[in-house]
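Just below is one structure, and these are the notes that go with it.
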Amino acid sequence: MAEVLLYNIEKAKALKIKVLCNKMGIRTRTVPREEFGMKLSAMLGLTEDREAKPNSDFDAEMLYFSEVIPPILSLLLNQLRHQKTPVALKAVRTDANIGMTSFELYREIAQEHQALNR
């Protein structure tokens with residue numbers, strides 16, 4: 001099932017995102033900081049290993065889209081822009097990132113974002 005993981009999103013913005021996702025039939029989950037060191041596969045229930053690596057905290061807002069099909073993802077992103085609900089760091093589930101922790105994914109996409117916005 002399609003799911004969006006939310007990281008460090010303040011309550012009012014998170015509510016907008018959750019309402020929009022709910023209308024599209026997409027589950028949402030706000031990830032608590034203590035799970036930032038856990039593998040994404042475990043957070044999505046794909047593996048049993050729920051051990052979290054220490055020192056995996058970050059403050060940036062981030063969204064992780066799992067199993068959201070491209071046309072729905074495009075519509076969702078357009079709606080977020082239209083509602084003026086920006087989140088700079090976003091990632092889509094891939095074979096390359098599903099084994100990462102949230103923190104590892106954050107580091108990777110933060111570097112990409114920074115390189116693109118120089």
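Residues in the structure tokens are named by chain (A, B, ... in the order shown) and by number from 1 within that chain; ligands are numbered from 1 in the order shown.
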DSSP strand (DSSP E or B) selection over range 53-118 of chain A, as a VMD selection string: chain A and resid 62 to 66 89 to 92 101
Per-residue DSSP, range 2-85 of chain A, filtered to helix (DSSP H, G or I), as a PyMOL selection string: chain A and resi 11-23+33-35+40-43+70-82
Write the selection just made, keeping C-alpha atoms, as a compact mmCIF listing (two decimals), in the first residue's frame?
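Below is the file out10.txt, written as the result:
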```txt
# COMPACT_ATOMS: atom_id res chain seq x y z
CA LYS A 11 1.96 20.01 13.14
CA ALA A 12 -0.03 22.41 10.92
CA LYS A 13 1.96 21.50 7.81
CA ALA A 14 1.84 17.79 8.66
CA LEU A 15 -1.94 18.00 8.96
CA LYS A 16 -2.22 19.51 5.46
CA ILE A 17 -0.03 16.75 4.04
CA LYS A 18 -1.93 14.01 5.89
CA VAL A 19 -5.35 15.29 4.78
CA LEU A 20 -4.21 15.49 1.17
CA CYS A 21 -2.69 12.00 1.28
CA ASN A 22 -5.81 10.60 2.94
CA LYS A 23 -7.97 12.00 0.12
CA ARG A 33 13.23 10.80 16.14
CA GLU A 34 14.10 7.56 17.93
CA GLU A 35 13.41 5.70 14.66
CA LEU A 40 13.41 2.13 6.01
CA SER A 41 12.53 -1.47 5.19
CA ALA A 42 11.80 -2.11 8.88
CA MET A 43 9.71 1.05 9.22
CA PRO A 70 4.03 8.09 -10.59
CA PRO A 71 0.75 9.72 -11.69
CA ILE A 72 -0.47 9.94 -8.08
CA LEU A 73 2.94 11.18 -6.88
CA SER A 74 2.90 13.90 -9.53
CA LEU A 75 -0.61 14.94 -8.51
CA LEU A 76 0.36 14.93 -4.83
CA LEU A 77 3.46 17.06 -5.41
CA ASN A 78 1.48 19.52 -7.53
CA GLN A 79 -1.16 19.81 -4.80
CA LEU A 80 1.51 20.41 -2.16
CA ARG A 81 2.95 23.23 -4.30
CA HIS A 82 -0.53 24.65 -4.91
```
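The smallest atom-to-atom distance between Asp59 in chain A and any of A:Thr28, A:Thr94, A:Asn8, A:Gln111, using only C-alpha atoms, is found for A:Asn8.
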Glu3 in chain A environment, 10 Å, only C-alpha atoms, sequence neighbours closer than 3 positions dropped, as a PyMOL selection string: chain A and resi 6+21-22+25-29+44+64-68
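Checking A:Ala60, A:Ile69, A:Arg50, A:Met100 one by one against Met24 in chain A, counting only C-alpha atoms, you find the shortest gap at A:Ile69.
You can rank A:Gln83, A:Ser56, A:Gln114, A:Asn97 by their closest distance to Met38 in chain A using only C-alpha atoms, and at the top of that list sits A:Ser56.
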Selected residue, from A:Thr85, A:Thr47, A:Asn55, A:Ser102, that lies nearest to Leu5 in chain A when counting only C-alpha atoms: A:Ser102
Would you kindly return, as a PDB file with C-alpha atoms, in the first residue's frame, each protein, DNA or RNA residue with an atom no farther than 8 Å from any atom of Ile109 in chain A, considering only C-alpha atoms and excluding same-chain residues fewer than 5 positions away?
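The file below, out37.pdb, is the result:
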```pdb
ATOM      1  CA  LEU A  89      13.872  17.034   0.882  1.00  0.00           C
ATOM      2  CA  LYS A  90      11.862  14.284  -0.759  1.00  0.00           C
ATOM      3  CA  ALA A  91      12.717  10.742  -1.812  1.00  0.00           C
TER       4      ALA A  91
END
```
Distance criterion (only C-alpha atoms): nearest to Ile9 in chain A out of A:Leu46, A:Ala88, A:Ala52, A:Ala96: A:Ala88
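As for CA of Val92 in chain A and CA of Glu48 in chain A, they are spaced 21.4 Å apart.
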Nearest-residue call for Thr101 in chain A, choices A:Leu63, A:Ala115, A:Asp57, A:Phe36, using only C-alpha atoms: A:Phe36
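Taking CA of Glu104 in chain A and CA of Met1 in chain A as the two end points, the separation is 23.6 Å.
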